[in-house]
Amino acid sequence: MMTTGDAALRLGIDLGGSKIELVALDDCGRVLLRRRRPTPGGSYRETVAAIGGLVAAAEQDLGQRGSVGVGIPGAESTVDGTVKNANSTWLIGQALRDDLQALLQREVRLANDANCFALSEATDGAAEGAETVFGVILGTGVGGGIVVRGRVLAGANRVAGEWGHNPLPLPDEESLPPAPCYCGRCGCVETWLSGPALAADHLRHGGEALTAQQIASHASDGDAACEATLRRYERRLAKALAVVVNILDPDAIVLGGGLSNIDRLYQSVPQLWQRHIFSDVVQTRLLRNRHGDSSGVRGAAWLWNVD
């Protein structure tokens, strides 16, 4: 099988629920090629074949064989190496790494997609040069990944960084029953801080059905109800991230996902989290991602940046 020394070409795959994206990077992180195709939802065999086809076509076009890293919406079980915790449910219980290695005839590295995002931003993104980085995904769901000294920290159970499935600390709306989460628990951070959660909160308090992006836009135009919704969101985000700082104490937290485009978060949240962090001074930086929705696929390619 192929090892890191066989080629400088790094191929990254982002295996999403609706699309599979491939990027080819050189040693300097320059994009040599990018391809996308729809994910064959519901079919594991077709998903594996689609990844194989993207890799084969990219290598043929570039005239070079490369290393392969794959970001997945889940994790690998420490018991048997099969996929667990995947919202693309057709992957669960499948030996994805083994099947890709057999198909591609080389070693393949897999990581959770939030870990790939964190690795991308720690390698040549917003947190380049930082020793400890926590990468946050604020989108349809809420995820997180940890990188220490340029390496993904997967954890003993392969769930390091999964802050989205911890309860939100001390919610102000204590009279509300905690919302159910798809993971089977209630009151998870994800049920308060995802895009759909922000929209649901505004509907509950403001009586209007708006998307997260519309809420942010209307707040900037002076809409009082949208402003109040965003302030609740900022307060919750600050409390949830304060827990991360108290445990991990990262040099930088990088936000990704659709809600990372709300400009005011980067000023308001650090002002709010101070009261919840067990330190006289908070040096942790809250940063906007550099690579946007390409960060995850770049991080998959960078899985081969270290041995």
# chains A, B, ... in the order shown; residues from 1 in each chain; ligands from 1
$ select_by_dssp --residues "segment 40-189 of chain A" --states "strand (DSSP E or B)" --output "PyMOL selection string"
chain A and resi 67-72+75-76+83-84+92+108-112+132-138+142-148+151-152+167+180+186+188
$ write_last_selection --atoms "N, CA and C atoms" --output "mmCIF file, in the first residue's frame"
data_model
loop_
_atom_site.group_PDB
_atom_site.id
_atom_site.type_symbol
_atom_site.label_atom_id
_atom_site.label_comp_id
_atom_site.auth_asym_id
_atom_site.auth_seq_id
_atom_site.Cartn_x
_atom_site.Cartn_y
_atom_site.Cartn_z
ATOM 1 N N SER A 67 -2.012 10.655 -2.126
ATOM 2 C CA SER A 67 -2.555 10.159 -0.867
ATOM 3 C C SER A 67 -4.029 10.553 -0.796
ATOM 4 N N VAL A 68 -4.799 9.838 0.017
ATOM 5 C CA VAL A 68 -6.234 10.077 0.103
ATOM 6 C C VAL A 68 -6.653 10.213 1.560
ATOM 7 N N GLY A 69 -7.289 11.332 1.870
ATOM 8 C CA GLY A 69 -7.904 11.536 3.172
ATOM 9 C C GLY A 69 -9.386 11.800 2.973
ATOM 10 N N VAL A 70 -10.205 11.302 3.889
ATOM 11 C CA VAL A 70 -11.654 11.410 3.741
ATOM 12 C C VAL A 70 -12.265 11.950 5.027
ATOM 13 N N GLY A 71 -13.051 13.013 4.897
ATOM 14 C CA GLY A 71 -13.834 13.525 6.011
ATOM 15 C C GLY A 71 -15.226 12.952 5.941
ATOM 16 N N ILE A 72 -15.704 12.403 7.049
ATOM 17 C CA ILE A 72 -17.007 11.747 7.075
ATOM 18 C C ILE A 72 -17.905 12.377 8.142
ATOM 19 N N ALA A 75 -17.908 9.000 12.856
ATOM 20 C CA ALA A 75 -16.620 8.589 13.406
ATOM 21 C C ALA A 75 -16.475 7.090 13.216
ATOM 22 N N GLU A 76 -15.260 6.597 13.455
ATOM 23 C CA GLU A 76 -14.995 5.168 13.377
ATOM 24 C C GLU A 76 -15.067 4.553 14.767
ATOM 25 N N VAL A 83 -18.253 2.582 10.802
ATOM 26 C CA VAL A 83 -18.710 3.959 10.999
ATOM 27 C C VAL A 83 -19.833 4.000 12.026
ATOM 28 N N LYS A 84 -19.768 5.006 12.919
ATOM 29 C CA LYS A 84 -20.820 5.239 13.904
ATOM 30 C C LYS A 84 -21.172 6.728 13.899
ATOM 31 N N ILE A 92 -23.552 3.882 8.574
ATOM 32 C CA ILE A 92 -23.415 3.307 9.912
ATOM 33 C C ILE A 92 -23.239 1.790 9.828
ATOM 34 N N VAL A 108 -5.790 4.700 3.411
ATOM 35 C CA VAL A 108 -6.700 5.844 3.414
ATOM 36 C C VAL A 108 -6.865 6.315 4.848
ATOM 37 N N ARG A 109 -6.835 7.611 5.049
ATOM 38 C CA ARG A 109 -7.051 8.176 6.374
ATOM 39 C C ARG A 109 -8.442 8.794 6.442
ATOM 40 N N LEU A 110 -9.157 8.474 7.515
ATOM 41 C CA LEU A 110 -10.506 8.979 7.731
ATOM 42 C C LEU A 110 -10.535 9.835 8.988
ATOM 43 N N ALA A 111 -11.379 10.840 8.987
ATOM 44 C CA ALA A 111 -11.598 11.657 10.186
ATOM 45 C C ALA A 111 -12.986 12.266 10.116
ATOM 46 N N ASN A 112 -13.513 12.616 11.264
ATOM 47 C CA ASN A 112 -14.774 13.335 11.324
ATOM 48 C C ASN A 112 -14.667 14.647 10.559
ATOM 49 N N THR A 132 -3.161 25.054 20.012
ATOM 50 C CA THR A 132 -4.392 24.311 20.258
ATOM 51 C C THR A 132 -5.554 25.056 19.624
ATOM 52 N N VAL A 133 -6.295 24.363 18.768
ATOM 53 C CA VAL A 133 -7.385 24.980 18.003
ATOM 54 C C VAL A 133 -8.653 24.159 18.191
ATOM 55 N N PHE A 134 -9.755 24.865 18.478
ATOM 56 C CA PHE A 134 -11.066 24.233 18.505
ATOM 57 C C PHE A 134 -11.851 24.760 17.319
ATOM 58 N N GLY A 135 -12.240 23.865 16.423
ATOM 59 C CA GLY A 135 -13.018 24.241 15.249
ATOM 60 C C GLY A 135 -14.493 23.976 15.491
ATOM 61 N N VAL A 136 -15.328 24.963 15.196
ATOM 62 C CA VAL A 136 -16.767 24.895 15.474
ATOM 63 C C VAL A 136 -17.545 24.940 14.166
ATOM 64 N N ILE A 137 -18.495 24.055 14.018
ATOM 65 C CA ILE A 137 -19.431 24.100 12.901
ATOM 66 C C ILE A 137 -20.789 24.549 13.433
ATOM 67 N N LEU A 138 -21.264 25.689 12.937
ATOM 68 C CA LEU A 138 -22.585 26.200 13.289
ATOM 69 C C LEU A 138 -23.413 26.249 12.016
ATOM 70 N N VAL A 142 -24.586 21.193 14.811
ATOM 71 C CA VAL A 142 -23.487 21.827 15.539
ATOM 72 C C VAL A 142 -22.433 20.768 15.822
ATOM 73 N N GLY A 143 -21.209 21.029 15.381
ATOM 74 C CA GLY A 143 -20.121 20.078 15.595
ATOM 75 C C GLY A 143 -18.864 20.787 16.034
ATOM 76 N N GLY A 144 -17.856 20.001 16.351
ATOM 77 C CA GLY A 144 -16.587 20.578 16.761
ATOM 78 C C GLY A 144 -15.445 19.608 16.548
ATOM 79 N N GLY A 145 -14.237 20.162 16.408
ATOM 80 C CA GLY A 145 -13.044 19.349 16.247
ATOM 81 C C GLY A 145 -11.872 20.002 16.954
ATOM 82 N N ILE A 146 -10.911 19.185 17.345
ATOM 83 C CA ILE A 146 -9.762 19.661 18.110
ATOM 84 C C ILE A 146 -8.472 19.305 17.371
ATOM 85 N N VAL A 147 -7.577 20.294 17.269
ATOM 86 C CA VAL A 147 -6.251 20.073 16.696
ATOM 87 C C VAL A 147 -5.224 20.595 17.689
ATOM 88 N N VAL A 148 -4.243 19.771 18.014
ATOM 89 C CA VAL A 148 -3.171 20.150 18.929
ATOM 90 C C VAL A 148 -1.837 19.943 18.232
ATOM 91 N N ARG A 151 -2.034 18.258 14.868
ATOM 92 C CA ARG A 151 -2.586 16.911 14.781
ATOM 93 C C ARG A 151 -4.021 16.886 15.291
ATOM 94 N N VAL A 152 -4.865 16.147 14.607
ATOM 95 C CA VAL A 152 -6.232 15.965 15.064
ATOM 96 C C VAL A 152 -6.226 15.149 16.350
ATOM 97 N N PRO A 167 -25.371 19.250 27.071
ATOM 98 C CA PRO A 167 -26.465 20.193 27.346
ATOM 99 C C PRO A 167 -25.963 21.625 27.407
ATOM 100 N N PRO A 180 -35.985 18.081 22.184
ATOM 101 C CA PRO A 180 -35.375 16.787 21.870
ATOM 102 C C PRO A 180 -34.345 16.932 20.754
ATOM 103 N N CYS A 186 -32.006 15.319 25.259
ATOM 104 C CA CYS A 186 -32.765 16.570 25.199
ATOM 105 C C CYS A 186 -31.895 17.736 25.655
ATOM 106 N N CYS A 188 -29.643 19.502 24.041
ATOM 107 C CA CYS A 188 -28.259 19.579 23.548
ATOM 108 C C CYS A 188 -27.951 20.983 23.010
#
$ select_by_dssp --residues "segment 215-294 of chain A" --states "alpha helix (DSSP H)" --output "ChimeraX atom specification"
/A:215-220,224-248,265-273
$ atom_distance --atom1 "atom CA of Glu21 of chain A" --atom2 "atom CA of Ala300 of chain A"
10.5 Å
$ closest_residue --among "A:Leu259, A:Ala160, A:Val306, A:Arg298" --to "Asp26 of chain A" --atoms "only C-alpha atoms"
A:Arg298
$ closest_atom_pairs --of "segment 213-270 of chain A" --to "segment 282-289 of chain A" --cutoff "10 Å" --atoms "only C-alpha atoms" --output "tab-separated table"
residue	atom	partner	partner_atom	distance
A:Leu241	CA	A:Leu286	CA	9.9
A:Val245	CA	A:Thr284	CA	7.7
A:Asp249	CA	A:Thr284	CA	7.4
A:Pro250	CA	A:Thr284	CA	6.2
A:Asp251	CA	A:Thr284	CA	4.9
A:Ala252	CA	A:Arg285	CA	4.6
A:Ile253	CA	A:Leu286	CA	4.9
A:Val254	CA	A:Leu287	CA	4.7
A:Leu255	CA	A:Arg288	CA	5.4
A:Gly256	CA	A:Asn289	CA	5.9
A:Gly257	CA	A:Asn289	CA	9.1
A:Ser260	CA	A:Arg288	CA	6.6
A:Asn261	CA	A:Arg288	CA	7.8
A:Ile262	CA	A:Arg288	CA	9.5
A:Asp263	CA	A:Arg288	CA	8.7
A:Leu265	CA	A:Leu286	CA	8.7
A:Tyr266	CA	A:Leu286	CA	6.0
A:Gln267	CA	A:Leu286	CA	8.4
A:Val269	CA	A:Leu286	CA	8.2
A:Pro270	CA	A:Leu286	CA	7.0
$ write_last_selection --atoms "N, CA and C atoms" --output "JSON list (two decimals), in the first residue's frame"
[["chain", "number", "residue", "atom", "x", "y", "z"],
["A", 241, "LEU", "N", -19.40, 28.03, 24.56],
["A", 241, "LEU", "CA", -17.97, 28.06, 24.25],
["A", 241, "LEU", "C", -17.12, 28.27, 25.50],
["A", 245, "VAL", "N", -13.58, 26.49, 26.64],
["A", 245, "VAL", "CA", -12.37, 27.18, 27.09],
["A", 245, "VAL", "C", -11.95, 26.69, 28.47],
["A", 249, "ASP", "N", -8.99, 25.06, 26.98],
["A", 249, "ASP", "CA", -8.18, 26.29, 27.00],
["A", 249, "ASP", "C", -7.44, 26.49, 25.68],
["A", 250, "PRO", "N", -8.15, 26.54, 24.56],
["A", 250, "PRO", "CA", -7.48, 26.64, 23.26],
["A", 250, "PRO", "C", -6.93, 28.03, 23.00],
["A", 251, "ASP", "N", -5.91, 28.10, 22.14],
["A", 251, "ASP", "CA", -5.38, 29.39, 21.70],
["A", 251, "ASP", "C", -6.39, 30.10, 20.81],
["A", 252, "ALA", "N", -7.12, 29.32, 20.00],
["A", 252, "ALA", "CA", -8.07, 29.90, 19.05],
["A", 252, "ALA", "C", -9.28, 29.00, 18.89],
["A", 253, "ILE", "N", -10.44, 29.64, 18.73],
["A", 253, "ILE", "CA", -11.66, 28.96, 18.33],
["A", 253, "ILE", "C", -12.06, 29.54, 16.98],
["A", 254, "VAL", "N", -12.22, 28.67, 15.99],
["A", 254, "VAL", "CA", -12.57, 29.11, 14.64],
["A", 254, "VAL", "C", -13.99, 28.67, 14.33],
["A", 255, "LEU", "N", -14.80, 29.60, 13.88],
["A", 255, "LEU", "CA", -16.19, 29.29, 13.54],
["A", 255, "LEU", "C", -16.34, 28.97, 12.06],
["A", 256, "GLY", "N", -17.12, 27.95, 11.78],
["A", 256, "GLY", "CA", -17.48, 27.59, 10.41],
["A", 256, "GLY", "C", -18.96, 27.31, 10.33],
["A", 257, "GLY", "N", -19.44, 26.98, 9.14],
["A", 257, "GLY", "CA", -20.86, 26.78, 8.93],
["A", 257, "GLY", "C", -21.55, 28.09, 8.60],
["A", 260, "SER", "N", -21.46, 31.22, 10.89],
["A", 260, "SER", "CA", -20.17, 31.88, 11.08],
["A", 260, "SER", "C", -20.08, 33.17, 10.28],
["A", 261, "ASN", "N", -21.03, 33.39, 9.36],
["A", 261, "ASN", "CA", -21.02, 34.61, 8.54],
["A", 261, "ASN", "C", -21.71, 35.79, 9.23],
["A", 262, "ILE", "N", -22.20, 35.59, 10.44],
["A", 262, "ILE", "CA", -22.79, 36.70, 11.20],
["A", 262, "ILE", "C", -21.65, 37.49, 11.83],
["A", 263, "ASP", "N", -21.36, 38.64, 11.28],
["A", 263, "ASP", "CA", -20.16, 39.41, 11.66],
["A", 263, "ASP", "C", -20.09, 39.74, 13.14],
["A", 265, "LEU", "N", -20.82, 38.28, 15.82],
["A", 265, "LEU", "CA", -20.46, 37.23, 16.77],
["A", 265, "LEU", "C", -19.03, 37.39, 17.27],
["A", 266, "TYR", "N", -18.14, 37.83, 16.39],
["A", 266, "TYR", "CA", -16.71, 37.85, 16.73],
["A", 266, "TYR", "C", -16.36, 38.95, 17.73],
["A", 267, "GLN", "N", -17.22, 39.92, 17.87],
["A", 267, "GLN", "CA", -17.02, 40.96, 18.88],
["A", 267, "GLN", "C", -17.87, 40.70, 20.12],
["A", 269, "VAL", "N", -19.47, 37.82, 21.28],
["A", 269, "VAL", "CA", -19.32, 36.58, 22.05],
["A", 269, "VAL", "C", -18.12, 36.64, 23.00],
["A", 270, "PRO", "N", -16.93, 37.09, 22.57],
["A", 270, "PRO", "CA", -15.82, 37.20, 23.53],
["A", 270, "PRO", "C", -16.11, 38.17, 24.68]]
$ residues_around --residues "Leu54 of chain A" --least-positions-apart "3" --cutoff "10 Å" --atoms "only C-alpha atoms" --output "PyMOL selection string"
chain A and resi 11+13+20-23+34-37+49-51+57-60
$ residues_around --residues "Ser18 of chain A" --least-positions-apart "4" --cutoff "10 Å" --atoms "only C-alpha atoms" --output "PyMOL selection string"
chain A and resi 37-41+88
$ residues_around --residues "Leu25 of chain A" --least-positions-apart "4" --cutoff "10 Å" --atoms "only C-alpha atoms" --output "PyMOL selection string"
chain A and resi 8-12+29-34+66+298+301-302
$ closest_residue --among "A:Val243, A:Thr191, A:Ala126, A:Ala199" --to "Pro177 of chain A" --atoms "only C-alpha atoms"
A:Thr191
$ decode --residues "segment 256-274 of chain A" --atoms "N, CA and C atoms" --output "CSV table (one decimal), in the first residue's frame"
chain,number,residue,atom,x,y,z
A,256,GLY,N,-17.1,27.9,11.8
A,256,GLY,CA,-17.5,27.6,10.4
A,256,GLY,C,-19.0,27.3,10.3
A,257,GLY,N,-19.4,27.0,9.1
A,257,GLY,CA,-20.9,26.8,8.9
A,257,GLY,C,-21.5,28.1,8.6
A,258,GLY,N,-22.8,28.0,8.2
A,258,GLY,CA,-23.5,29.2,7.7
A,258,GLY,C,-23.6,30.3,8.7
A,259,LEU,N,-23.7,30.0,10.0
A,259,LEU,CA,-23.9,31.1,11.0
A,259,LEU,C,-22.6,31.8,11.3
A,260,SER,N,-21.5,31.2,10.9
A,260,SER,CA,-20.2,31.9,11.1
A,260,SER,C,-20.1,33.2,10.3
A,261,ASN,N,-21.0,33.4,9.4
A,261,ASN,CA,-21.0,34.6,8.5
A,261,ASN,C,-21.7,35.8,9.2
A,262,ILE,N,-22.2,35.6,10.4
A,262,ILE,CA,-22.8,36.7,11.2
A,262,ILE,C,-21.7,37.5,11.8
A,263,ASP,N,-21.4,38.6,11.3
A,263,ASP,CA,-20.2,39.4,11.7
A,263,ASP,C,-20.1,39.7,13.1
A,264,ARG,N,-21.2,40.1,13.7
A,264,ARG,CA,-21.2,40.6,15.1
A,264,ARG,C,-20.8,39.6,16.1
A,265,LEU,N,-20.8,38.3,15.8
A,265,LEU,CA,-20.5,37.2,16.8
A,265,LEU,C,-19.0,37.4,17.3
A,266,TYR,N,-18.1,37.8,16.4
A,266,TYR,CA,-16.7,37.9,16.7
A,266,TYR,C,-16.4,39.0,17.7
A,267,GLN,N,-17.2,39.9,17.9
A,267,GLN,CA,-17.0,41.0,18.9
A,267,GLN,C,-17.9,40.7,20.1
A,268,SER,N,-19.1,40.3,19.9
A,268,SER,CA,-20.0,40.2,21.1
A,268,SER,C,-19.8,39.0,21.9
A,269,VAL,N,-19.5,37.8,21.3
A,269,VAL,CA,-19.3,36.6,22.1
A,269,VAL,C,-18.1,36.6,23.0
A,270,PRO,N,-16.9,37.1,22.6
A,270,PRO,CA,-15.8,37.2,23.5
A,270,PRO,C,-16.1,38.2,24.7
A,271,GLN,N,-16.9,39.2,24.5
A,271,GLN,CA,-17.3,40.1,25.5
A,271,GLN,C,-18.2,39.3,26.5
A,272,LEU,N,-19.0,38.5,26.0
A,272,LEU,CA,-20.0,37.8,26.9
A,272,LEU,C,-19.4,36.6,27.6
A,273,TRP,N,-18.4,35.9,27.0
A,273,TRP,CA,-17.9,34.7,27.6
A,273,TRP,C,-17.0,34.9,28.8
A,274,GLN,N,-16.5,36.1,28.9
A,274,GLN,CA,-15.6,36.4,30.0
A,274,GLN,C,-16.2,36.0,31.4
